[in-house]
>>> print(open('final09.cif').read())   # mmCIF, C-alpha atoms and all ligand atoms
data_start
loop_
_atom_site.label_atom_id
_atom_site.label_comp_id
_atom_site.auth_asym_id
_atom_site.auth_seq_id
_atom_site.Cartn_x
_atom_site.Cartn_y
_atom_site.Cartn_z
CA MET J 25 29.37 10.38 14.38
CA THR J 26 27.70 7.21 15.66
CA GLY J 27 25.35 6.87 18.52
CA LEU J 28 24.18 4.40 21.12
CA LEU J 29 20.53 3.41 20.76
CA ILE J 30 18.84 2.10 23.89
CA ALA J 31 15.77 0.52 22.32
CA GLY J 32 12.43 0.01 23.98
CA ALA J 33 13.23 0.82 27.62
CA SER J 34 10.53 2.43 29.73
CA PRO J 35 11.61 5.78 31.18
CA TYR J 36 10.41 5.86 34.80
CA GLY J 37 8.47 2.63 34.13
CA GLU J 38 6.10 4.49 31.81
CA GLU J 39 5.59 4.18 28.02
CA PRO J 40 8.54 2.48 26.25
CA ALA J 41 10.71 4.81 24.17
CA ASP J 42 13.95 4.56 22.22
CA ILE J 43 16.80 6.71 23.52
CA LEU J 44 19.60 7.85 21.22
CA VAL J 45 22.81 8.90 22.92
CA VAL J 46 25.44 10.87 20.99
CA ASP J 47 28.61 12.22 22.59
CA GLY J 48 27.38 11.42 26.07
CA VAL J 49 24.17 13.39 25.67
CA ILE J 50 20.58 12.24 25.01
CA ALA J 51 20.21 13.34 21.38
CA ALA J 52 16.76 11.96 20.60
CA LEU J 53 13.95 10.30 22.49
CA GLY J 54 10.90 8.42 21.25
CA PRO J 55 9.99 7.47 17.68
CA ASP J 56 12.57 9.83 16.17
CA ALA J 57 15.49 8.16 17.94
CA ALA J 58 15.62 4.94 15.89
CA ARG J 59 15.08 6.87 12.63
CA ASP J 60 17.94 9.26 13.38
CA GLU J 61 20.83 8.65 10.96
CA ARG J 62 23.28 8.68 13.86
CA ALA J 63 21.58 5.53 15.17
CA ALA J 64 22.14 3.70 11.91
CA ASP J 65 25.59 2.25 12.45
CA GLY J 66 25.96 2.71 16.19
CA GLU J 67 25.52 0.18 18.97
CA ILE J 68 21.96 -0.94 19.73
CA VAL J 69 20.99 -2.17 23.19
CA ASP J 70 17.74 -4.13 23.30
CA ALA J 71 16.12 -2.84 26.46
CA ALA J 72 12.57 -4.09 25.96
CA GLY J 73 10.91 -4.80 29.30
CA LEU J 74 13.48 -2.78 31.23
CA VAL J 75 12.92 0.38 33.23
CA VAL J 76 15.33 3.23 32.58
CA LEU J 77 16.04 5.74 35.35
CA PRO J 78 18.55 8.55 35.79
CA GLY J 79 21.85 7.12 37.06
CA LEU J 80 21.66 6.81 40.84
CA VAL J 81 23.51 9.25 43.10
CA ASP J 82 24.73 8.18 46.55
CA LEU J 83 25.26 11.04 48.97
CA HIS J 84 26.83 8.83 51.63
CA ALA J 85 29.45 6.13 50.97
CA HIS J 86 32.69 5.12 52.64
CA LEU J 87 35.33 4.27 50.04
CA ARG J 88 38.10 3.86 52.68
CA GLU J 89 40.93 5.28 50.57
CA PRO J 90 43.38 6.62 51.63
CA GLY J 91 44.25 4.47 54.62
CA ARG J 92 42.16 1.30 54.59
CA GLU J 93 42.75 -0.08 51.13
CA ASP J 94 42.33 -3.57 52.61
CA ALA J 95 38.61 -2.83 53.11
CA GLU J 96 37.87 -0.83 49.94
CA THR J 97 39.53 1.46 47.42
CA VAL J 98 38.08 4.24 45.35
CA ALA J 99 38.36 1.87 42.36
CA THR J 100 36.61 -1.12 43.98
CA GLY J 101 33.97 1.12 45.57
CA SER J 102 33.40 2.73 42.17
CA ALA J 103 32.96 -0.72 40.62
CA ALA J 104 30.43 -1.67 43.31
CA ALA J 105 28.62 1.60 42.66
CA ALA J 106 28.46 1.10 38.88
CA LEU J 107 27.13 -2.43 39.38
CA GLY J 108 24.52 -1.02 41.76
CA GLY J 109 23.29 1.47 39.15
CA TYR J 110 25.12 4.55 40.44
CA THR J 111 26.75 7.21 38.29
CA ALA J 112 27.87 9.46 41.16
CA VAL J 113 29.00 8.75 44.70
CA PHE J 114 29.93 11.07 47.56
CA ALA J 115 32.86 9.72 49.58
CA MET J 116 32.85 10.30 53.34
CA PRO J 117 36.02 11.84 54.82
CA ASN J 118 36.73 9.38 57.66
CA THR J 119 39.84 8.13 55.89
CA ASP J 120 43.45 8.03 57.09
CA PRO J 121 44.54 10.75 56.71
CA THR J 122 41.19 12.45 57.20
CA ALA J 123 39.85 14.28 54.14
CA ASP J 124 40.08 17.64 55.89
CA THR J 125 42.39 19.52 53.49
CA ALA J 126 42.38 20.49 49.82
CA GLY J 127 45.21 17.98 49.28
CA VAL J 128 43.34 14.92 50.51
CA VAL J 129 40.00 15.73 48.84
CA GLU J 130 41.84 16.33 45.55
CA GLN J 131 43.58 12.96 45.96
CA VAL J 132 40.23 11.17 46.38
CA PHE J 133 38.72 13.14 43.48
CA ARG J 134 41.60 12.15 41.17
CA LEU J 135 41.41 8.49 42.22
CA GLY J 136 37.75 8.66 41.20
CA GLU J 137 38.64 10.13 37.83
CA GLN J 138 41.27 7.42 37.29
CA ALA J 139 38.78 4.64 38.09
CA GLY J 140 36.37 6.35 35.68
CA LEU J 141 33.29 4.33 36.62
CA VAL J 142 31.29 6.89 38.58
CA ASP J 143 31.79 10.55 39.43
CA VAL J 144 33.43 10.49 42.87
CA HIS J 145 32.74 13.61 44.92
CA PRO J 146 34.70 13.84 48.16
CA ILE J 147 32.93 15.08 51.26
CA GLY J 148 35.17 17.27 53.41
CA ALA J 149 35.52 16.90 57.17
CA VAL J 150 33.89 19.65 59.21
CA THR J 151 36.61 19.64 61.87
CA VAL J 152 40.33 18.96 61.73
CA GLY J 153 40.90 15.20 62.00
CA ARG J 154 37.13 14.86 62.71
CA ARG J 155 38.13 15.53 66.30
CA GLY J 156 35.41 18.08 66.94
CA GLU J 157 37.84 20.71 68.19
CA ARG J 158 38.28 23.28 65.43
CA LEU J 159 36.94 23.84 61.94
CA ALA J 160 38.83 22.32 59.01
CA GLU J 161 39.78 24.39 55.96
CA LEU J 162 36.30 24.35 54.48
CA ALA J 163 36.87 27.16 51.98
CA ALA J 164 40.12 25.61 50.73
CA MET J 165 38.29 22.34 50.06
CA ALA J 166 35.41 24.20 48.38
CA THR J 167 37.78 26.02 46.01
CA SER J 168 39.97 22.95 45.35
CA ALA J 169 39.75 20.89 42.16
CA ALA J 170 37.30 18.64 44.03
CA ARG J 171 34.85 21.59 44.51
CA VAL J 172 33.60 20.21 47.83
CA ARG J 173 30.07 21.29 48.76
CA VAL J 174 29.16 18.70 51.39
CA PHE J 175 30.93 18.59 54.75
CA SER J 176 30.56 15.99 57.47
CA ASP J 177 32.38 14.44 60.40
CA ASP J 178 30.36 11.28 59.70
CA GLY J 179 31.18 8.43 62.03
CA ASP J 180 31.17 11.10 64.69
CA CYS J 181 28.73 13.87 65.49
CA VAL J 182 29.68 17.53 65.47
CA SER J 183 28.41 17.61 69.04
CA ASP J 184 29.75 21.04 70.10
CA PRO J 185 26.88 23.43 69.33
CA LEU J 186 29.17 26.41 68.81
CA LEU J 187 31.32 24.54 66.26
CA MET J 188 28.15 23.37 64.51
CA ARG J 189 26.88 26.93 64.38
CA ARG J 190 30.20 28.19 62.96
CA ALA J 191 30.28 25.41 60.35
CA LEU J 192 26.73 26.22 59.21
CA GLU J 193 27.63 29.91 58.96
CA TYR J 194 30.84 29.21 57.08
CA VAL J 195 29.40 27.07 54.27
CA LYS J 196 26.68 29.62 53.51
CA ALA J 197 29.19 31.61 51.44
CA PHE J 198 29.41 28.86 48.79
CA ASP J 199 26.00 27.23 49.30
CA GLY J 200 27.56 24.27 51.06
CA VAL J 201 25.74 21.91 53.35
CA ILE J 202 26.66 20.32 56.67
CA ALA J 203 25.71 16.64 56.75
CA GLN J 204 25.33 15.73 60.39
CA HIS J 205 25.81 12.28 61.91
CA ALA J 206 23.25 12.90 64.66
CA GLN J 207 24.45 11.07 67.75
CA GLU J 208 24.69 12.70 71.15
CA PRO J 209 27.98 11.19 72.35
CA ARG J 210 27.30 11.18 76.08
CA LEU J 211 23.95 9.43 75.62
CA THR J 212 25.54 6.70 73.50
CA GLN J 213 28.74 5.90 75.38
CA GLY J 214 29.46 2.19 74.96
CA ALA J 215 26.22 1.73 72.99
CA GLN J 216 25.96 -1.54 71.07
CA MET J 217 22.44 -1.58 69.62
CA HIS J 218 19.04 0.15 69.72
CA GLU J 219 17.89 0.71 73.31
CA GLY J 220 14.67 -1.18 73.76
CA GLU J 221 13.17 -4.56 74.61
CA VAL J 222 15.69 -6.53 72.56
CA SER J 223 18.75 -4.80 74.04
CA ALA J 224 17.36 -5.36 77.52
CA ARG J 225 16.87 -9.07 76.82
CA LEU J 226 20.33 -9.48 75.26
CA GLY J 227 22.04 -7.39 77.92
CA LEU J 228 23.69 -5.09 75.36
CA THR J 229 24.19 -1.38 76.11
CA GLY J 230 21.46 0.62 74.36
CA TRP J 231 21.69 3.49 71.85
CA PRO J 232 18.49 5.41 72.66
CA ALA J 233 16.41 7.13 69.97
CA VAL J 234 16.63 10.37 71.96
CA ALA J 235 20.39 10.55 71.31
CA GLU J 236 19.63 11.03 67.60
CA GLU J 237 16.52 13.14 68.06
CA ALA J 238 18.12 15.61 70.49
CA ILE J 239 20.86 16.48 67.97
CA ILE J 240 18.42 16.81 65.07
CA ALA J 241 16.18 19.10 67.15
CA ARG J 242 19.17 21.26 68.12
CA ASP J 243 20.61 21.39 64.61
CA THR J 244 17.34 22.29 62.91
CA LEU J 245 17.07 25.20 65.36
CA LEU J 246 20.66 26.21 64.60
CA ALA J 247 19.98 25.99 60.85
CA ASP J 248 16.98 28.30 61.37
CA HIS J 249 19.06 30.71 63.39
CA VAL J 250 21.82 31.10 60.81
CA GLY J 251 19.71 30.43 57.69
CA SER J 252 21.98 27.66 56.47
CA ARG J 253 21.52 24.26 54.87
CA LEU J 254 21.54 21.21 57.14
CA HIS J 255 21.42 17.62 55.93
CA VAL J 256 20.62 14.84 58.40
CA CYS J 257 22.48 11.60 57.68
CA HIS J 258 20.88 8.16 58.13
CA LEU J 259 17.78 9.21 60.01
CA SER J 260 16.58 6.12 61.88
CA THR J 261 13.76 6.82 64.34
CA ALA J 262 10.07 7.76 64.20
CA GLY J 263 10.80 10.69 66.50
CA SER J 264 13.45 12.05 64.13
CA VAL J 265 10.85 12.04 61.34
CA GLN J 266 8.52 14.17 63.47
CA ILE J 267 11.28 16.68 64.19
CA VAL J 268 12.31 17.00 60.54
CA ALA J 269 8.66 17.28 59.45
CA ALA J 270 8.05 20.10 61.93
CA ALA J 271 11.23 21.89 60.86
CA LYS J 272 10.31 21.66 57.18
CA GLN J 273 6.86 22.99 57.96
CA ARG J 274 8.31 26.12 59.52
CA GLY J 275 10.72 26.61 56.60
CA THR J 276 14.00 25.23 57.92
CA ARG J 277 16.52 24.49 55.16
CA VAL J 278 16.86 20.84 56.17
CA THR J 279 17.04 17.65 54.14
CA ALA J 280 17.22 14.08 55.43
CA GLU J 281 18.33 10.66 54.29
CA VAL J 282 17.44 7.10 55.21
CA THR J 283 19.53 4.02 54.46
CA PRO J 284 18.16 0.89 52.76
CA HIS J 285 18.97 -1.19 55.86
CA HIS J 286 16.93 1.08 58.12
CA LEU J 287 13.98 0.53 55.75
CA LEU J 288 14.19 -3.26 55.99
CA LEU J 289 16.02 -4.66 59.03
CA THR J 290 15.11 -4.41 62.71
CA ASP J 291 16.84 -4.64 66.06
CA SER J 292 15.78 -8.29 66.40
CA SER J 293 18.54 -9.04 63.87
CA ALA J 294 20.93 -8.64 66.81
CA GLU J 295 19.52 -11.72 68.52
CA GLY J 296 22.00 -14.05 66.89
CA TYR J 297 24.89 -11.74 67.90
CA ASP J 298 26.06 -11.75 64.26
CA PRO J 299 28.07 -8.52 63.98
CA VAL J 300 27.11 -8.15 60.31
CA PHE J 301 23.95 -6.53 61.75
CA LYS J 302 25.89 -4.04 63.89
CA VAL J 303 25.57 -0.58 62.41
CA ASN J 304 25.53 3.03 63.53
CA PRO J 305 22.86 4.33 64.03
CA PRO J 306 21.55 0.92 65.02
CA LEU J 307 18.72 -1.02 63.43
CA ARG J 308 15.51 0.12 65.09
CA THR J 309 12.01 -1.34 65.58
CA PRO J 310 9.26 -2.37 63.13
CA ALA J 311 7.31 0.74 64.23
CA ASP J 312 10.25 2.97 63.26
CA ILE J 313 10.50 1.25 59.86
CA GLU J 314 6.86 1.92 59.14
CA VAL J 315 7.28 5.65 59.88
CA LEU J 316 10.55 5.88 57.89
CA ARG J 317 8.93 4.30 54.81
CA ALA J 318 5.93 6.62 55.01
CA ALA J 319 8.23 9.64 55.44
CA LEU J 320 10.29 8.66 52.39
CA ALA J 321 7.09 8.29 50.38
CA SER J 322 5.73 11.67 51.52
CA GLY J 323 8.99 13.57 51.03
CA VAL J 324 9.70 14.35 54.69
CA ILE J 325 12.76 12.17 54.13
CA ASP J 326 14.31 13.40 50.89
CA ILE J 327 16.66 10.65 49.83
CA VAL J 328 17.98 7.12 50.19
CA ALA J 329 21.73 7.02 50.84
CA THR J 330 23.60 3.76 51.26
CA ASP J 331 26.05 4.48 54.11
CA HIS J 332 28.08 1.80 52.28
CA ALA J 333 30.61 0.88 54.98
CA PRO J 334 33.04 -1.87 53.97
CA HIS J 335 35.04 -3.50 56.75
CA ALA J 336 37.89 -5.99 56.55
CA SER J 337 37.01 -9.37 58.06
CA GLN J 338 39.29 -8.92 61.09
CA ASP J 339 37.33 -5.79 62.05
CA LYS J 340 33.89 -7.25 61.41
CA GLU J 341 34.00 -10.99 62.01
CA THR J 342 34.72 -10.75 65.70
CA GLU J 343 32.58 -10.66 68.86
CA TRP J 344 29.70 -8.18 68.71
CA ASP J 345 31.14 -5.70 71.24
CA ASN J 346 34.40 -5.26 69.33
CA ALA J 347 33.06 -5.40 65.78
CA SER J 348 33.15 -2.22 63.69
CA PRO J 349 29.69 -0.87 62.88
CA GLY J 350 28.64 -0.70 59.23
CA MET J 351 27.28 -2.61 56.24
CA LEU J 352 27.86 -2.83 52.51
CA GLY J 353 25.15 -1.09 50.52
CA LEU J 354 26.05 -0.01 47.00
CA GLN J 355 25.19 -3.26 45.20
CA THR J 356 21.94 -3.92 47.06
CA ALA J 357 20.43 -0.45 47.64
CA LEU J 358 18.15 -0.33 44.61
CA SER J 359 16.81 -3.83 45.21
CA VAL J 360 16.12 -3.10 48.88
CA VAL J 361 14.28 0.09 47.89
CA ILE J 362 12.23 -1.91 45.37
CA ALA J 363 11.40 -4.48 48.06
CA THR J 364 10.52 -1.97 50.76
CA MET J 365 9.00 0.91 48.78
CA VAL J 366 8.06 -0.06 45.20
CA GLU J 367 6.55 -3.50 45.77
CA PRO J 368 4.35 -2.32 48.68
CA GLY J 369 3.13 0.57 46.47
CA LEU J 370 4.71 3.37 48.50
CA LEU J 371 6.86 4.71 45.63
CA ASP J 372 6.57 4.46 41.86
CA TRP J 373 9.60 4.62 39.57
CA ARG J 374 9.37 8.41 39.38
CA GLY J 375 9.60 8.35 43.14
CA VAL J 376 12.67 6.08 43.02
CA ALA J 377 14.31 8.49 40.58
CA ARG J 378 13.50 11.35 42.94
CA VAL J 379 14.90 9.79 46.13
CA MET J 380 17.88 7.96 44.62
CA ALA J 381 19.04 10.35 41.87
CA GLU J 382 17.40 13.76 41.58
CA ALA J 383 17.25 14.87 45.20
CA PRO J 384 20.70 13.56 46.21
CA ALA J 385 22.26 15.38 43.23
CA ARG J 386 20.49 18.58 44.17
CA ILE J 387 21.49 18.37 47.85
CA GLY J 388 25.09 17.63 46.85
CA GLY J 389 25.19 20.56 44.43
CA LEU J 390 25.63 18.54 41.21
CA ASP J 391 24.15 20.03 38.06
CA ASP J 392 25.07 17.19 35.68
CA GLN J 393 23.63 14.26 37.63
CA GLY J 394 20.11 13.34 38.69
CA ARG J 395 18.81 15.08 35.58
CA PRO J 396 15.57 14.22 33.76
CA ILE J 397 15.59 11.67 30.94
CA ALA J 398 15.17 14.25 28.19
CA VAL J 399 16.83 15.47 25.00
CA GLY J 400 19.91 17.57 25.71
CA GLU J 401 20.55 16.03 29.13
CA PRO J 402 23.70 14.05 30.00
CA ALA J 403 23.18 10.33 29.40
CA ASN J 404 23.67 9.17 32.99
CA LEU J 405 21.27 6.26 33.00
CA VAL J 406 20.54 2.94 34.64
CA LEU J 407 18.61 0.05 33.09
CA VAL J 408 16.71 -2.07 35.58
CA ASP J 409 14.97 -5.40 35.10
CA PRO J 410 12.00 -5.00 37.43
CA ALA J 411 10.90 -8.63 37.07
CA ALA J 412 14.25 -10.21 37.95
CA ARG J 413 14.97 -11.68 41.35
CA TRP J 414 18.44 -12.53 42.57
CA THR J 415 20.11 -14.05 45.60
CA VAL J 416 22.70 -11.95 47.40
CA ARG J 417 26.18 -13.49 47.53
CA GLY J 418 28.75 -11.23 49.17
CA GLU J 419 31.59 -13.16 47.57
CA ASP J 420 30.32 -12.05 44.14
CA PHE J 421 30.49 -8.35 45.04
CA ALA J 422 33.04 -5.97 43.53
CA SER J 423 33.64 -4.54 46.99
CA LEU J 424 36.78 -5.78 48.73
CA SER J 425 34.72 -6.46 51.85
CA ARG J 426 31.99 -9.01 52.47
CA ASN J 427 29.87 -7.47 55.23
CA THR J 428 26.47 -7.58 53.57
CA PRO J 429 23.52 -8.09 55.93
CA TYR J 430 21.48 -9.54 53.03
CA GLU J 431 23.63 -12.65 52.43
CA GLY J 432 21.47 -15.43 50.99
CA MET J 433 18.41 -13.18 50.77
CA GLU J 434 16.42 -13.08 47.54
CA LEU J 435 15.84 -9.51 46.39
CA PRO J 436 13.75 -8.06 43.55
CA GLY J 437 15.00 -5.93 40.65
CA ARG J 438 18.34 -6.23 38.95
CA VAL J 439 20.62 -3.60 37.44
CA VAL J 440 21.19 -4.61 33.81
CA GLY J 441 23.27 -1.68 32.63
CA THR J 442 24.74 1.57 33.91
CA TYR J 443 25.78 4.44 31.62
CA LEU J 444 28.01 7.34 32.63
CA ARG J 445 27.71 10.12 30.03
CA GLY J 446 26.71 7.47 27.50
CA ARG J 447 29.57 5.09 28.28
CA CYS J 448 28.63 1.67 29.65
CA THR J 449 30.27 1.26 33.08
CA ALA J 450 28.51 -1.94 34.11
CA SER J 451 26.50 -4.48 32.19
CA ALA J 452 24.93 -7.70 33.48
CA GLY J 453 27.21 -7.92 36.49
CA VAL J 454 30.36 -7.02 34.56
CA VAL J 455 32.24 -3.77 35.17
CA ALA J 456 33.63 -1.97 32.11
CA GLY J 457 34.67 -5.21 30.44
CA VAL J 458 36.13 -6.86 33.55
CA GLN J 459 34.35 -9.78 35.20
CA VAL J 460 34.14 -9.23 38.95
ZN ZN J 501 27.20 8.13 60.09
#
>>> encode(input="final09.cif", output="C-alpha cells", more="lines below")
Ligand SMILES: [Zn+2]
Amino acid sequence: MTGLLIAGASPYGEEPADILVVDGVIAALGPDAARDERAADGEIVDAAGLVVLPGLVDLHAHLREPGREDAETVATGSAAAALGGYTAVFAMPNTDPTADTAGVVEQVFRLGEQAGLVDVHPIGAVTVGRRGERLAELAAMATSAARVRVFSDDGDCVSDPLLMRRALEYVKAFDGVIAQHAQEPRLTQGAQMHEGEVSARLGLTGWPAVAEEAIIARDTLLADHVGSRLHVCHLSTAGSVQIVAAAKQRGTRVTAEVTPHHLLLTDSSAEGYDPVFKVNPPLRTPADIEVLRAALASGVIDIVATDHAPHASQDKETEWDNASPGMLGLQTALSVVIATMVEPGLLDWRGVARVMAEAPARIGGLDDQGRPIAVGEPANLVLVDPAARWTVRGEDFASLSRNTPYEGMELPGRVVGTYLRGRCTASAGVVAGVQV
C-alpha cells in the first residue's frame, strides 16, 4: 500500500508538517509521516511554503444543469470548483426542470459523481417549481439517494409567511435547513441596483436594504417560533447584520452567509452600466462592506458562499435593465477572501478554514467535509500559495461562462492543489490531468 506524502506544507498557516495520505485518509502527520514505510515509494508533493487548509465547501452555487448547459454543467462547474480549492459544492435548484423532486436531485447528484471532481450536493426547492405556492416533496428529496438537507427557492424569496413557517416545521424532522433568499418582492419590483445615492444619480430603480432586512427579521422570528434552522443566503446590508446578531443573541437557530463580491465591490461599480456588476442582492455601499467584513470576522456571519452564477453571453452582455443578475465566483472566492479578510488582518488561516470549509459543511449536514487536518480524517485538502498574485482572465476559467466581475484585477493567493479523499482533482490550474 503506497501513500501520498504532502511534504512541508503549513496546516492553517502554522508550523510546517508532512502529511501522509493513505486510502484517502490522513494516516500520519508531522515528523512520523515521512518516516512511515507507506511514504517510501508513494508520490511526494513538495509543498514547502504553501498553506494547507481543509478542502473548501461552497453552500451556494448555481451549476445550471439540467436546463442551461450552455451556461454551465455539473462537470464544468465541478472543474471550476476544484480549481478554486473546493471539495464540496451545494447546487441551487433553480434549474429547468426545477430540482423539486427526488428524481431531479438524484440526477444532479449522479452527474456530480460522474464528474468526480467535488462532492456535489443538490439543494432542493422549497416550493413546487419555486413558484411560492405549495411545498415541494421535501421528505422525498431528503430520503432520496441525494440525501438533501438544504432547501431553498434561491433566486426567489419564499415570501409567503405561512409557507415559510410550514417549510421550517417540515424540515425539523430530518434536521434540514431552509436557506432563504431574503428579498421582499413588492419592495423590489423592477429593482436594478442598490437604492441609494448612486441609483438616484443613474436613474435606475432601487433595491432598498429594507427589502432584505424585513424578510430576515420575519424569518428569524418564525425560526424562533417553530424552533427550526434558518440559513440566510448572501446577506448584504449592515442592517441585516444587526438583525442576525440580535437573533443569535437570543438563541435563534440562524446562520448567515456573505458572498466574496459583497465583501469587495460596491454600488459605484454600476456607474459604467457594465452588467457584469449586476447581481442579486445588489452590490451595496462601502459602509455595508465594512460591517459585513467585521461580522464575518466576529462570527455573526458564519460563512462565505460564492453564489457562483454563470450566465451565457446573450443573457449577460446586454443592456443593464435586461441583463441577468449574477457573477462567477468559484475560481476567485478564496483570493477575494484573502484580499478582503486575510490581508487586512481580519481573519487568519484558521478563520478562513472556519468560514469556507468547517461551518459550511456543518450547516449543510456533511460529516466528511470541513474536517480538521488530523490523523484519521478524510484527506480533503487544498494547498494555497499565499505569496502568489495572479491576474483574473475569465477566458482561462473552467466555467462555460465568462461573467467575472474581477476581469483584469490582480488578486492575492493561488490554489496550487486540491485533493478529494486523497486524489488530486486540480493542480496548478489543471483539472484531473486535463488542461482547461
Ligand atoms: Zn439568491
>>> residues_around(input="final09.cif", residues="J:Ser322", least_positions_apart="5", cutoff="10 Å", atoms="only C-alpha atoms", output="list of chain:residue names")
J:Leu316, J:Arg317, J:Leu370, J:Leu371, J:Gly375
>>> write_last_selection(input="final09.cif", atoms="C-alpha atoms", output="CSV table (one decimal), in the frame of the given file")
chain,number,residue,atom,x,y,z
J,316,LEU,CA,10.6,5.9,57.9
J,317,ARG,CA,8.9,4.3,54.8
J,370,LEU,CA,4.7,3.4,48.5
J,371,LEU,CA,6.9,4.7,45.6
J,375,GLY,CA,9.6,8.4,43.1
>>> residues_near_point(input="final09.cif", point="(16.7, 5.0, 35.0)", cutoff="6 Å", atoms="all atoms listed in the file", output="ChimeraX atom specification")
/J:76-79,405-407
>>> residues_near_ligand(input="final09.cif", ligand="ligand ZN 501 (chain J)", cutoff="12 Å", atoms="only C-alpha atoms and all ligand atoms", output="PyMOL selection string")
chain J and resi 83-86+116-118+176-182+203-207+236+255-260+281-283+303-306+329-333+349-351
>>> residues_around(input="final09.cif", residues="J:Asp184", least_positions_apart="3", cutoff="12 Å", atoms="only C-alpha atoms", output="PyMOL selection string")
chain J and resi 150-151+155-159+180-181+187-191+204+206-210+239+242-243+246
>>> write_last_selection(input="final09.cif", atoms="C-alpha atoms", output="mmCIF file, in the coordinates of the input")
data_model
loop_
_atom_site.group_PDB
_atom_site.id
_atom_site.type_symbol
_atom_site.label_atom_id
_atom_site.label_comp_id
_atom_site.auth_asym_id
_atom_site.auth_seq_id
_atom_site.Cartn_x
_atom_site.Cartn_y
_atom_site.Cartn_z
ATOM 1 C CA VAL J 150 33.890 19.650 59.210
ATOM 2 C CA THR J 151 36.610 19.640 61.870
ATOM 3 C CA ARG J 155 38.130 15.530 66.300
ATOM 4 C CA GLY J 156 35.410 18.080 66.940
ATOM 5 C CA GLU J 157 37.840 20.710 68.190
ATOM 6 C CA ARG J 158 38.280 23.280 65.430
ATOM 7 C CA LEU J 159 36.940 23.840 61.940
ATOM 8 C CA ASP J 180 31.170 11.100 64.690
ATOM 9 C CA CYS J 181 28.730 13.870 65.490
ATOM 10 C CA LEU J 187 31.320 24.540 66.260
ATOM 11 C CA MET J 188 28.150 23.370 64.510
ATOM 12 C CA ARG J 189 26.880 26.930 64.380
ATOM 13 C CA ARG J 190 30.200 28.190 62.960
ATOM 14 C CA ALA J 191 30.280 25.410 60.350
ATOM 15 C CA GLN J 204 25.330 15.730 60.390
ATOM 16 C CA ALA J 206 23.250 12.900 64.660
ATOM 17 C CA GLN J 207 24.450 11.070 67.750
ATOM 18 C CA GLU J 208 24.690 12.700 71.150
ATOM 19 C CA PRO J 209 27.980 11.190 72.350
ATOM 20 C CA ARG J 210 27.300 11.180 76.080
ATOM 21 C CA ILE J 239 20.860 16.480 67.970
ATOM 22 C CA ARG J 242 19.170 21.260 68.120
ATOM 23 C CA ASP J 243 20.610 21.390 64.610
ATOM 24 C CA LEU J 246 20.660 26.210 64.600
#
>>> axis_aligned_box(input="final09.cif", around="stretch 350-364 of chain J", padding_each_side="5 Å", output="JSON")
{"center_x": 19.6, "center_y": -2.2, "center_z": 51.9, "size_x": 28.1, "size_y": 14.6, "size_z": 24.6}
